Structures are given as structure tokens and as C-alpha cells.
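Asks: Below you'll find my_file-v1.cif; it's mmCIF, C-alpha atoms and all ligand atoms.
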data_work
loop_
_atom_site.label_atom_id
_atom_site.label_comp_id
_atom_site.auth_asym_id
_atom_site.auth_seq_id
_atom_site.Cartn_x
_atom_site.Cartn_y
_atom_site.Cartn_z
CA MET A 1288 10.46 -24.14 -6.07
CA THR A 1289 7.03 -22.62 -5.68
CA ALA A 1290 5.53 -21.78 -9.08
CA ILE A 1291 2.73 -19.32 -9.63
CA VAL A 1292 0.73 -18.51 -12.74
CA VAL A 1293 -0.63 -14.95 -12.87
CA VAL A 1294 -3.48 -14.40 -15.34
CA GLU A 1295 -3.93 -10.64 -15.62
CA ASP A 1296 -4.43 -8.47 -18.69
CA GLU A 1297 -3.24 -5.18 -17.18
CA PRO A 1298 0.53 -5.15 -17.75
CA ASP A 1299 1.29 -2.78 -14.86
CA ILE A 1300 -0.45 -5.00 -12.35
CA ALA A 1301 0.99 -8.20 -13.83
CA ASP A 1302 4.55 -6.84 -13.77
CA LEU A 1303 4.23 -5.57 -10.23
CA LEU A 1304 2.86 -8.90 -9.02
CA ALA A 1305 5.59 -10.78 -10.83
CA LEU A 1306 8.23 -8.55 -9.25
CA TYR A 1307 6.96 -9.13 -5.72
CA CYS A 1308 6.47 -12.85 -6.22
CA ARG A 1309 9.97 -13.28 -7.64
CA ARG A 1310 11.36 -11.45 -4.64
CA GLU A 1311 9.88 -14.26 -2.57
CA GLY A 1312 11.86 -16.69 -4.68
CA TRP A 1313 8.80 -17.98 -6.55
CA ALA A 1314 8.79 -18.77 -10.26
CA VAL A 1315 6.15 -16.66 -12.01
CA HIS A 1316 4.50 -17.35 -15.36
CA LEU A 1317 2.29 -14.65 -16.84
CA ALA A 1318 -0.71 -14.94 -19.13
CA THR A 1319 -2.89 -12.07 -20.35
CA ASP A 1320 -6.12 -13.80 -21.39
CA GLY A 1321 -8.23 -16.71 -20.25
CA GLN A 1322 -7.35 -19.32 -22.88
CA THR A 1323 -3.61 -18.62 -22.63
CA GLY A 1324 -4.02 -18.73 -18.86
CA LEU A 1325 -5.57 -22.20 -19.00
CA ASP A 1326 -2.87 -23.43 -21.37
CA THR A 1327 -0.13 -21.99 -19.15
CA ILE A 1328 -1.62 -23.53 -16.01
CA ARG A 1329 -1.85 -26.93 -17.69
CA ALA A 1330 1.69 -26.69 -19.02
CA ARG A 1331 3.30 -25.39 -15.82
CA ASN A 1332 1.28 -27.22 -13.18
CA PRO A 1333 1.77 -24.37 -10.65
CA ASP A 1334 1.32 -24.38 -6.87
CA LEU A 1335 -1.13 -21.49 -7.09
CA VAL A 1336 -2.98 -19.38 -9.65
CA VAL A 1337 -3.62 -15.64 -9.30
CA LEU A 1338 -6.60 -15.03 -11.56
CA ASP A 1339 -8.07 -11.70 -12.63
CA VAL A 1340 -11.86 -11.86 -13.04
CA GLY A 1341 -12.13 -9.36 -15.90
CA LEU A 1342 -10.15 -10.78 -18.80
CA PRO A 1343 -10.38 -10.03 -22.54
CA GLY A 1344 -11.44 -12.72 -25.00
CA GLU A 1345 -13.77 -15.70 -24.75
CA LEU A 1346 -13.07 -16.75 -21.18
CA ASP A 1347 -13.23 -14.51 -18.12
CA GLY A 1348 -11.71 -15.46 -14.79
CA PHE A 1349 -14.81 -17.37 -13.69
CA ASP A 1350 -14.79 -19.45 -16.89
CA VAL A 1351 -11.11 -20.22 -16.43
CA CYS A 1352 -11.65 -21.35 -12.83
CA ARG A 1353 -14.68 -23.47 -13.72
CA GLU A 1354 -12.80 -25.13 -16.54
CA LEU A 1355 -9.78 -25.65 -14.34
CA ARG A 1356 -11.85 -27.31 -11.60
CA ARG A 1357 -12.83 -30.15 -13.95
CA SER A 1358 -9.36 -31.57 -13.62
CA SER A 1359 -7.40 -29.66 -10.99
CA ASP A 1360 -7.66 -28.51 -7.39
CA VAL A 1361 -4.81 -26.02 -7.65
CA PRO A 1362 -5.48 -23.10 -5.25
CA VAL A 1363 -6.96 -20.05 -7.00
CA LEU A 1364 -6.69 -16.49 -5.67
CA PHE A 1365 -9.05 -14.13 -7.52
CA LEU A 1366 -8.33 -10.48 -8.27
CA THR A 1367 -11.54 -8.57 -8.50
CA ALA A 1368 -12.67 -5.00 -9.01
CA ARG A 1369 -16.41 -5.07 -8.39
CA ASP A 1370 -18.86 -5.95 -5.65
CA ASP A 1371 -21.00 -8.17 -7.87
CA GLU A 1372 -17.90 -10.19 -8.74
CA ILE A 1373 -17.19 -10.65 -5.05
CA ASP A 1374 -20.72 -11.98 -4.59
CA ARG A 1375 -20.08 -14.61 -7.26
CA ILE A 1376 -16.74 -15.56 -5.78
CA LEU A 1377 -18.33 -15.92 -2.35
CA GLY A 1378 -20.99 -18.08 -3.96
CA LEU A 1379 -18.23 -20.70 -3.85
CA GLU A 1380 -19.55 -22.78 -6.73
CA ILE A 1381 -16.64 -21.22 -8.59
CA GLY A 1382 -14.09 -23.02 -6.45
CA ALA A 1383 -11.97 -20.05 -5.38
CA ASP A 1384 -9.64 -20.25 -2.41
CA ASP A 1385 -9.48 -16.54 -1.68
CA TYR A 1386 -9.92 -13.17 -3.36
CA VAL A 1387 -8.39 -9.71 -3.24
CA THR A 1388 -10.13 -6.51 -4.34
CA LYS A 1389 -8.46 -3.94 -6.54
CA PRO A 1390 -6.76 -1.69 -5.78
CA PHE A 1391 -4.51 -3.82 -3.60
CA SER A 1392 -0.98 -3.68 -2.35
CA PRO A 1393 1.40 -6.31 -3.78
CA ARG A 1394 2.44 -7.01 -0.20
CA GLU A 1395 -1.13 -8.03 0.60
CA ILE A 1396 -1.20 -10.39 -2.38
CA VAL A 1397 2.05 -12.01 -1.29
CA ALA A 1398 0.71 -12.49 2.24
CA ARG A 1399 -2.52 -14.00 0.90
CA VAL A 1400 -0.65 -16.30 -1.48
CA LYS A 1401 1.39 -17.54 1.47
CA ALA A 1402 -1.77 -18.09 3.51
CA VAL A 1403 -3.44 -20.05 0.70
CA LEU A 1404 -0.32 -22.13 0.13
CA ARG A 1405 -0.16 -22.94 3.84
CA ARG A 1406 -3.80 -24.01 3.86
CA GLY A 1407 -3.18 -26.10 0.75
CA ARG A 1408 -0.51 -28.01 2.59
CA GLY A 1409 -3.05 -28.51 5.37
CA SER A 1410 -3.14 -32.28 5.52
CA GLY A 1411 -0.33 -34.21 7.09
CA PRO A 1412 2.24 -33.40 9.73
CA GLY A 1413 3.75 -30.54 7.72
CA ASN A 1414 1.07 -28.11 8.87
CA ARG A 1415 3.23 -26.46 11.48
CA SER A 1416 4.18 -22.82 11.78
CA ASP A 1417 7.27 -21.85 13.73
CA TYR A 1418 7.90 -18.52 15.41
CA GLY A 1419 11.26 -18.86 17.07
CA PRO A 1420 10.74 -21.22 20.02
CA ILE A 1421 6.97 -21.28 19.46
CA ALA A 1422 5.49 -23.95 17.21
CA VAL A 1423 1.81 -23.98 16.24
CA ASP A 1424 0.37 -27.17 14.75
CA LEU A 1425 -3.07 -26.38 13.37
CA GLU A 1426 -3.78 -29.99 12.47
CA ARG A 1427 -3.16 -31.31 15.95
CA ARG A 1428 -4.40 -28.16 17.68
CA GLU A 1429 -1.17 -28.00 19.59
CA VAL A 1430 1.08 -25.14 20.53
CA THR A 1431 4.48 -25.59 22.12
CA CYS A 1432 7.10 -23.22 23.45
CA ASP A 1433 10.63 -24.63 23.51
CA GLY A 1434 9.03 -28.02 22.96
CA ARG A 1435 6.78 -27.75 26.01
CA PRO A 1436 3.02 -27.78 25.40
CA VAL A 1437 1.18 -24.58 26.26
CA ALA A 1438 -2.44 -24.98 27.36
CA LEU A 1439 -4.84 -22.57 25.65
CA ALA A 1440 -8.52 -22.01 26.30
CA THR A 1441 -10.83 -22.80 23.38
CA GLN A 1442 -11.25 -19.17 22.30
CA GLU A 1443 -7.55 -18.42 22.70
CA TRP A 1444 -6.81 -21.32 20.40
CA ALA A 1445 -9.42 -20.21 17.86
CA LEU A 1446 -7.94 -16.71 17.83
CA LEU A 1447 -4.40 -18.00 17.42
CA ALA A 1448 -5.46 -20.32 14.59
CA ALA A 1449 -7.16 -17.42 12.78
CA LEU A 1450 -3.99 -15.33 13.10
CA VAL A 1451 -1.73 -18.16 11.92
CA ASP A 1452 -4.05 -18.85 9.00
CA ASN A 1453 -3.68 -15.22 7.91
CA GLU A 1454 -0.03 -14.74 8.78
CA GLY A 1455 1.34 -11.40 7.61
CA ILE A 1456 -2.12 -9.87 7.15
CA ALA A 1457 -3.43 -7.14 9.45
CA LEU A 1458 -6.88 -8.19 10.66
CA SER A 1459 -9.46 -5.93 12.26
CA ARG A 1460 -11.08 -6.90 15.56
CA GLN A 1461 -14.31 -7.58 13.67
CA GLN A 1462 -12.56 -9.88 11.19
CA LEU A 1463 -10.96 -11.75 14.07
CA LEU A 1464 -14.33 -12.07 15.79
CA ASP A 1465 -15.86 -13.47 12.60
CA LEU A 1466 -12.99 -15.92 12.13
CA ALA A 1467 -12.53 -17.07 15.70
CA TRP A 1468 -15.92 -16.60 17.31
CA GLY A 1469 -18.07 -17.03 14.21
CA PRO A 1470 -20.23 -14.48 12.36
CA ASP A 1471 -23.22 -15.11 14.64
CA TRP A 1472 -21.43 -14.10 17.79
CA ILE A 1473 -22.64 -10.79 19.15
CA GLY A 1474 -20.50 -8.89 21.58
CA ASP A 1475 -17.85 -6.30 22.16
CA PRO A 1476 -14.93 -6.35 19.70
CA ARG A 1477 -12.73 -5.62 22.72
CA THR A 1478 -13.13 -9.28 23.60
CA VAL A 1479 -10.40 -9.74 21.03
CA ASP A 1480 -8.05 -7.49 23.02
CA VAL A 1481 -8.65 -9.53 26.15
CA HIS A 1482 -7.75 -12.77 24.37
CA VAL A 1483 -4.74 -11.22 22.65
CA ARG A 1484 -3.45 -10.22 26.09
CA GLN A 1485 -3.89 -13.80 27.24
CA LEU A 1486 -2.00 -15.16 24.22
CA ARG A 1487 0.83 -12.72 24.81
CA ARG A 1488 0.95 -13.62 28.50
CA LYS A 1489 1.05 -17.37 27.80
CA LEU A 1490 3.38 -17.34 24.80
CA GLY A 1491 5.61 -14.43 25.74
CA ASP A 1492 7.53 -11.92 23.68
CA ASP A 1493 8.61 -14.52 21.12
CA LEU A 1494 5.15 -14.50 19.57
CA PRO A 1495 5.38 -11.92 16.74
CA LEU A 1496 1.88 -10.61 17.34
CA ALA A 1497 1.81 -6.92 16.50
CA THR A 1498 -0.82 -4.34 17.30
CA VAL A 1499 -1.59 -2.48 14.07
CA ARG A 1500 -2.79 1.01 14.93
CA GLY A 1501 -6.18 1.87 13.54
CA ILE A 1502 -6.74 -1.69 12.31
CA GLY A 1503 -6.22 -4.49 14.79
CA TYR A 1504 -3.61 -7.21 14.93
CA ARG A 1505 -1.14 -8.98 12.70
CA LEU A 1506 0.87 -12.13 13.29
CA GLY A 1507 4.28 -12.31 11.65
CA CA B 1 -8.63 -7.15 -16.05
#
Take the structure I supplied and represent it as C-alpha cells, if you would.
Ligand code: CA
Replies:
Amino acid sequence: MTAIVVVEDEPDIADLLALYCRREGWAVHLATDGQTGLDTIRARNPDLVVLDVGLPGELDGFDVCRELRRSSDVPVLFLTARDDEIDRILGLEIGADDYVTKPFSPREIVARVKAVLRRGRGSGPGNRSDYGPIAVDLERREVTCDGRPVALATQEWALLAALVDNEGIALSRQQLLDLAWGPDWIGDPRTVDVHVRQLRRKLGDDLPLATVRGIGYRLG
């Protein structure tokens, strides 16, 4: 069973997160300050930690993560409220796996937790995502439909990998460009539409790739 520790001092947010995570069938352990959070993580050895940055007491979320990283590589998903916190998270020396800004929807958190967990399982043959008859193996860079390999162009593959990596999350065309083409690429975001059409043509209706109006695209 997937176990998650949520370190969050606002009871409303903590309860809501716990509710949504339990709906997924995950075990959830709550802590409301940094030290208790560390103790809980060490005692429970969870698959993932959801960690609020602003915590009461001696240790804030950054301290907890830094301390944790001395002995553990458990995935950490930060909850953050401020831009300067995001800058520090993106500084990466903290060792975060992802972050979500408040206010957020619990559904978004669940999707991001799933994405982080999938990435965490990245090594080995288990890194395969199935969508009906379609199987995507990110490790081997292989996609099959009914067991038959489907040939994708380099950019089609990069786009598909970005979507699989963020399954359940609606991504804008710009986000997809950054993920699949790289932040330095300059061009028309409609390039994404062209490649989405190609993916749909090659993989057919079984690929659960939805157009999200006003945003972009979502897989799953
Ligand atoms: Ca807080």
C-alpha cells in the first residue's frame, strides 16, 4: 500500500488532502509541524512526503527537507504560497521533486503525487504506462499498440513522454513546448497541435489524450 506523510499546519488543507489521498487507497499520516513531520517520516518510511514550506516551530519545510536528505531520497512534493519560496525550491539544492502553489485543487495534488511516484519508480522494467491496448515504456523509449511497435518521430516521442510524465495534469501548449522541445526553443505554440494530431493519428482513439479548452492538453 502506498503511504504518504502530509506535513501541513493548516487543518483544513491537511484534512482535505488526506481525504483525497485516502480515496486513492493511500495510507495517509499527518503531522502539523516540522519536527513531528521528521519523526513521522522516519517512523512510517512513506513512499512520498507532501511538505508545506511555512510551518510553525523550529523547522520550516526547507529545514525538514534538508534534514531528510541526509539519510533519505523519499520523493518530496512541496506546498508553497509565495514566489520567493518557489525560487528556493527551484534552486534544487533543497532536493524537492515537485511543488504546488497554494491555492491548489486536491485533484491537482493527487495527479502530481502520482506523477512523482511514477518517476520514482523510473528505473527498471516497471516504468510502463498502459492505456488500454497502448503501452508506453519511457525507459526503453518504446510505444506499442496491441503489442506492435509504433514508430514515432523524435519530437512526437518527446511530447508523448512529457504527457505521460504528467498524466492527469492539464498542460498548456507553452508548458509542453518547454518540456518536450526545451525552454530555449523559439517558435509557434501551435507546433504542439501539429504533433498532437500526429500522435492521435498514429495511436488512434485509444490514447486518452484530451483537449482541455482554454488550457491545452491532458493525458489520462
Ligand atoms: Ca503553513
Asks: Mind checking which residues fall within 8 Å of Leu1486 in chain A, counting only C-alpha atoms, ignoring those fewer than 5 positions away in the same chain, and posting them as an mmCIF file with C-alpha atoms, in the coordinates of the input?
Replies:
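around-v2.cif written:
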data_model
loop_
_atom_site.group_PDB
_atom_site.id
_atom_site.type_symbol
_atom_site.label_atom_id
_atom_site.label_comp_id
_atom_site.auth_asym_id
_atom_site.auth_seq_id
_atom_site.Cartn_x
_atom_site.Cartn_y
_atom_site.Cartn_z
ATOM 1 C CA GLU A 1443 -7.550 -18.420 22.700
ATOM 2 C CA LEU A 1447 -4.400 -18.000 17.420
ATOM 3 C CA GLY A 1491 5.610 -14.430 25.740
#
Asks: Using all atoms listed in the file, which protein or nucleic acid residues are at most 10 Å from ligand CA 1 (chain B), as a ChimeraX atom specification?
Replies: /A:1294-1298,1300-1301,1319-1320,1338-1343,1347-1348,1366-1368
Asks: Select, counting all atoms listed in the file, all protein, DNA and RNA residues no farther than 12 Å from (-4.0, -22.4, -16.8) in file coordinates, and express the selection as a PyMOL selection string.
Replies: chain A and resi 1291-1295+1316-1338+1346+1348+1350-1356+1358-1363
Asks: Work out how far CA of Gly1503 in chain A is from CA of Ile1373 in chain A, in Å to one decimal.
Replies: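 CA of Gly1503 in chain A lies 23.5 Å from CA of Ile1373 in chain A.
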Asks: Do you know which residues are at most 9 Å from Val1423 in chain A counting all atoms listed in the file, after dropping those on the same chain fewer than 3 positions away, and could you put them as a short mmCIF file (atom, residue, chain, number, x, y, z; two decimals) with C-alpha atoms, keeping the file's coordinate frame?
Replies:
data_model
loop_
_atom_site.label_atom_id
_atom_site.label_comp_id
_atom_site.auth_asym_id
_atom_site.auth_seq_id
_atom_site.Cartn_x
_atom_site.Cartn_y
_atom_site.Cartn_z
CA ASN A 1414 1.07 -28.11 8.87
CA ARG A 1415 3.23 -26.46 11.48
CA SER A 1416 4.18 -22.82 11.78
CA ASP A 1417 7.27 -21.85 13.73
CA TYR A 1418 7.90 -18.52 15.41
CA ARG A 1427 -3.16 -31.31 15.95
CA ARG A 1428 -4.40 -28.16 17.68
CA GLU A 1429 -1.17 -28.00 19.59
CA VAL A 1430 1.08 -25.14 20.53
CA THR A 1431 4.48 -25.59 22.12
CA CYS A 1432 7.10 -23.22 23.45
CA LEU A 1447 -4.40 -18.00 17.42
CA ALA A 1448 -5.46 -20.32 14.59
CA VAL A 1451 -1.73 -18.16 11.92
#
Asks: Determine, counting all atoms listed in the file, which protein, DNA and RNA residues have an atom within 9 Å of an atom of range 1463-1471 of chain A; residues of the same chain fewer than 2 positions away are not included. Present the result as a ChimeraX atom specification.
Replies: /A:1442-1450,1458-1461,1473,1476,1478-1479,1503-1504
Asks: To one decimal place, how far is CA of Pro1420 in chain A from CA of Asp1433 in chain A in Å?
Replies: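 Between these atoms lies a distance of 4.9 Å.
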Asks: I'd like to know which of A:Thr1441, A:Asn1453, A:Gln1462, A:Thr1388 is closest to Leu1496 in chain A, using all atoms listed in the file.
Replies: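 Nearest to Leu1496 in chain A: A:Asn1453.
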Asks: So, counting all atoms listed in the file, which residue among A:Arg1406, A:Arg1477, A:Arg1357, A:Lys1489 is closest to Ala1440 in chain A?
Replies: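 Closest to Ala1440 in chain A, using all atoms listed in the file: A:Lys1489.
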Asks: Rank nothing, just name the residue among A:Ile1456, A:Val1483, A:Val1437, A:Asp1302 nearest to Gly1507 in chain A, using only C-alpha atoms.
Replies: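 When distances to Gly1507 in chain A are compared using only C-alpha atoms, the smallest one comes from A:Ile1456.
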Asks: Taking only C-alpha atoms into account, which of A:Glu1311, A:Val1387, A:Asp1493, A:Leu1439 comes nearest Gly1419 in chain A?
Replies: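 Result for the nearest residue to Gly1419 in chain A: A:Asp1493.
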Asks: Can you tell me how far CA of Tyr1386 in chain A sits from CA of Leu1364 in chain A, in Å to one decimal?
Replies: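 Taking CA of Tyr1386 in chain A and CA of Leu1364 in chain A, their separation equals 5.2 Å.
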